[in-house]
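Presented below is the structure to which this report refers.
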Amino acid sequence: MNETGVPFSERIEALRARRAEIEHTLGQPGAWDDQDQTAQLGRELAEISEQIALWDTLADLRQGLAEAEQLAADGSDLELAELAQEESARLSVALRAAEAQWRALMMPADRRENHDVIMEVRAGTGGDEAALFAADLLRMYSRFAERQGWRYEVLELAENQIGGVREGILSVKGRGTFHQLRHESGVHRVQRVPETEAQGRIHTSTATVAVLAEPGEVEIVIRPEELRIESHRASGAGGQHVNKTDSAIRIVHLPTGMVVTCQDERSQHKNRDKAMRVLRARLFEQASSAQQEATASTRKSQVGTGDRSERIRTYNFPQGRVTDHRIGLTLYHLAEVLDGDLTELIDSLNRFEDEAAVQ
């Protein structure tokens, strides 16, 4: 039985039917025109196929073990019985390993794991230097997405007059985006000499990063009566359409008080769609965090809470180093990291969490 009370055998039959349905859908003319839908169906198909394959392996092992035990118990042929006993021992070990893998696969997982990502980068303490650092981080994540072959889109960008970013919201789509980027949430600190510093003194500034899983519309249902939507003229640096049309959108989610604004597009409709995507992601994060807290007694937080109030990393320019404070890792190729080479940092964080989880 699984956590819903439905026998796994019945669930597997339902999964086989769903797999056939997805394969049929992907085989239809024009099915690959919608890349987002194709990617989502592809991820679902891979997950279902893994579950079915492991279930079939379990069934084969159980049948083989039953037949070997029957032969071993027969006793009419001592040599055959001895071979059957050896086979029974081997199959028992394989079955226990497969059952452990099955339990791990079917455990209730972080519901955000297989989703695309919305990243929010905001300037923290440090004035203009903090905004410049936020721009560096936004570029770093964009370059990392390019290196991974992911697609990214700027949903909102609030810049200052010197090219810094007060707030930037980035959508990242691709296989494994949330798993790879989930540990980037928190306070990022930079230590460097600002270009405006005549005395050459090192300043410390910060920027905050939030990594939100982007849910589908069916996962987070928002009723129209829960929203107050306002339009207004865009403001700040951002192109010729700024201050000329009422294209900027401000959405208030009345039950939670969450406020989302978007003014990056000329079209009010496009700004509304982007703002709704961000709102869904924030509501999904809120619901997922509540789920994580409810099960916290059965899990340890390995690399921090992921909260934006937690300092996670320092980028030190004079020494050319990056230090991740959660795992005590220091790298001395700062320029490469800021150019999107995050593989060593991210792999080390994931490896640390995996190793700690089995201790």
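Simple scheme: letters A, B, ... for chains in structure tokens order, numbers from 1 for residues in each chain, numbers from 1 for ligands in the order shown.
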* To do: Give me the residues within 9 Å of Arg280 of chain A as a VMD selection string, counting only C-alpha atoms and dropping any in the same chain fewer than 5 places off.
  => chain A and resid 214 to 217 219 to 222 275 285
What are the nearest atom pairs, with distances in Å to one decimal, for all residues of segment 132-212 of chain A that come at most 9 Å from segment 317-327 of chain A, using only C-alpha atoms, set out by chain and rising residue number as a tab-separated table?
```
residue	atom	partner	partner_atom	distance
A:Val190	CA	A:Phe317	CA	7.7
A:Gln191	CA	A:Phe317	CA	6.1
A:Arg192	CA	A:Phe317	CA	5.1
A:Val193	CA	A:Phe317	CA	8.0
A:Ile202	CA	A:Pro318	CA	8.3
```
* Distance criterion (only C-alpha atoms): nearest to Ile118 of chain A out of A:Glu47, A:Glu336, A:Glu82, A:Glu184 -> A:Glu184
* Asked: Which residue, A:Arg122, A:His24, A:Arg351, A:His232, has the smallest gap to Arg166 of chain A when you use only C-alpha atoms?
  ->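 Using only C-alpha atoms, Arg166 of chain A sits closest to A:Arg122.
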* Identify, on the basis of only C-alpha atoms, every residue whose closest approach to segment 49-55 of chain A does not exceed 12 Å; exclude the query and any residue fewer than 5 positions from it along the same chain; express the result as an MDAnalysis selection string. => chainID A and resid 8:20 22:23 41:44 60:62 95 97:107
* Could you find all residues in segment 116-212 of chain A that DSSP calls alpha helix (DSSP H) from the backbone, and write them as a PyMOL selection string? => chain A and resi 127-148+177-181
Atoms kept (C-alpha atoms) for selection, written as a compact mmCIF listing (two decimals), in the first residue's frame:
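Resulting contents of selection37.txt:
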```txt
# COMPACT_ATOMS: atom_id res chain seq x y z
CA GLY A 127 23.57 51.03 -1.82
CA ASP A 128 24.70 51.24 -5.44
CA GLU A 129 27.41 48.64 -4.89
CA ALA A 130 24.78 46.15 -3.71
CA ALA A 131 22.76 46.81 -6.87
CA LEU A 132 25.84 46.26 -9.03
CA PHE A 133 26.48 42.99 -7.21
CA ALA A 134 22.86 41.92 -7.77
CA ALA A 135 23.41 42.54 -11.49
CA ASP A 136 26.54 40.34 -11.33
CA LEU A 137 24.53 37.53 -9.71
CA LEU A 138 21.74 37.81 -12.26
CA ARG A 139 24.30 37.50 -15.05
CA MET A 140 26.01 34.60 -13.24
CA TYR A 141 22.79 32.58 -13.13
CA SER A 142 21.96 33.46 -16.74
CA ARG A 143 25.38 32.23 -17.85
CA PHE A 144 24.98 29.05 -15.76
CA ALA A 145 21.64 28.40 -17.47
CA GLU A 146 23.31 28.80 -20.86
CA ARG A 147 26.08 26.37 -19.89
CA GLN A 148 23.44 23.81 -18.82
CA THR A 177 16.67 23.19 -12.66
CA PHE A 178 15.21 23.18 -9.14
CA HIS A 179 17.45 20.34 -7.97
CA GLN A 180 20.53 22.17 -9.21
CA LEU A 181 19.61 25.65 -8.02
```
Which residues in segment 123-291 of chain A does DSSP call strand (DSSP E or B)? List them as an mmCIF file with C-alpha atoms, in the first residue's frame.
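Listed below is the output, result-v1.cif:
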```
data_model
loop_
_atom_site.group_PDB
_atom_site.id
_atom_site.type_symbol
_atom_site.label_atom_id
_atom_site.label_comp_id
_atom_site.auth_asym_id
_atom_site.auth_seq_id
_atom_site.Cartn_x
_atom_site.Cartn_y
_atom_site.Cartn_z
ATOM 1 C CA ALA A 123 20.046 44.239 -3.860
ATOM 2 C CA ARG A 151 16.181 28.337 -21.397
ATOM 3 C CA TYR A 152 15.860 31.489 -19.341
ATOM 4 C CA GLU A 153 13.758 34.618 -19.510
ATOM 5 C CA VAL A 154 13.876 37.866 -17.569
ATOM 6 C CA LEU A 155 10.423 38.358 -16.060
ATOM 7 C CA GLU A 156 11.152 41.637 -14.283
ATOM 8 C CA LEU A 157 14.147 43.930 -14.141
ATOM 9 C CA ALA A 158 14.322 47.076 -12.018
ATOM 10 C CA GLU A 159 17.618 48.837 -12.721
ATOM 11 C CA VAL A 165 19.766 45.902 -10.366
ATOM 12 C CA ARG A 166 17.422 46.670 -7.486
ATOM 13 C CA GLU A 167 15.375 43.582 -8.310
ATOM 14 C CA GLY A 168 15.620 40.995 -11.067
ATOM 15 C CA ILE A 169 13.317 38.019 -11.595
ATOM 16 C CA LEU A 170 14.520 35.213 -13.827
ATOM 17 C CA SER A 171 12.595 32.220 -15.185
ATOM 18 C CA VAL A 172 14.763 29.149 -15.808
ATOM 19 C CA LYS A 173 13.387 26.115 -17.621
ATOM 20 C CA GLY A 186 20.052 33.071 0.870
ATOM 21 C CA VAL A 187 22.274 36.094 1.391
ATOM 22 C CA HIS A 188 25.258 36.432 -0.964
ATOM 23 C CA ARG A 189 28.007 38.759 0.230
ATOM 24 C CA VAL A 190 30.607 40.558 -1.859
ATOM 25 C CA GLN A 191 33.871 42.105 -0.661
ATOM 26 C CA ARG A 192 35.546 44.383 -3.180
ATOM 27 C CA HIS A 203 33.458 47.511 0.942
ATOM 28 C CA THR A 204 31.097 44.732 1.926
ATOM 29 C CA SER A 205 27.688 44.559 0.248
ATOM 30 C CA THR A 206 24.982 41.942 -0.027
ATOM 31 C CA ALA A 207 22.271 40.677 -2.327
ATOM 32 C CA THR A 208 19.539 38.167 -1.621
ATOM 33 C CA VAL A 209 18.475 35.263 -3.814
ATOM 34 C CA ALA A 210 15.237 33.300 -3.628
ATOM 35 C CA VAL A 211 14.752 30.112 -5.660
ATOM 36 C CA LEU A 212 11.082 29.306 -6.244
ATOM 37 C CA ALA A 213 9.683 26.274 -8.042
ATOM 38 C CA GLU A 214 7.314 27.315 -10.821
ATOM 39 C CA LEU A 227 -7.047 39.214 -6.622
ATOM 40 C CA ARG A 228 -6.919 42.977 -6.834
ATOM 41 C CA ILE A 229 -5.285 43.953 -10.121
ATOM 42 C CA GLU A 230 -4.168 47.516 -10.771
ATOM 43 C CA SER A 231 -2.533 49.057 -13.815
ATOM 44 C CA HIS A 232 -0.259 52.082 -13.760
ATOM 45 C CA ALA A 237 15.102 53.031 -16.440
ATOM 46 C CA ALA A 248 2.658 48.143 -15.543
ATOM 47 C CA ILE A 249 0.655 45.682 -13.457
ATOM 48 C CA ARG A 250 0.327 45.373 -9.701
ATOM 49 C CA ILE A 251 -1.424 42.278 -8.341
ATOM 50 C CA VAL A 252 -2.439 41.875 -4.706
ATOM 51 C CA HIS A 253 -3.359 38.396 -3.495
ATOM 52 C CA MET A 258 1.297 39.079 -1.342
ATOM 53 C CA VAL A 259 2.034 41.849 -3.850
ATOM 54 C CA VAL A 260 3.613 41.295 -7.271
ATOM 55 C CA THR A 261 4.421 44.026 -9.775
ATOM 56 C CA CYS A 262 5.634 43.714 -13.353
#
```
* Residues within 12 Å of Ala39 of chain A, only C-alpha atoms, excluding chain neighbours under 3 positions, as a PyMOL selection string -> chain A and resi 22+26+31-36+42-46+114-116+150-151+173-176
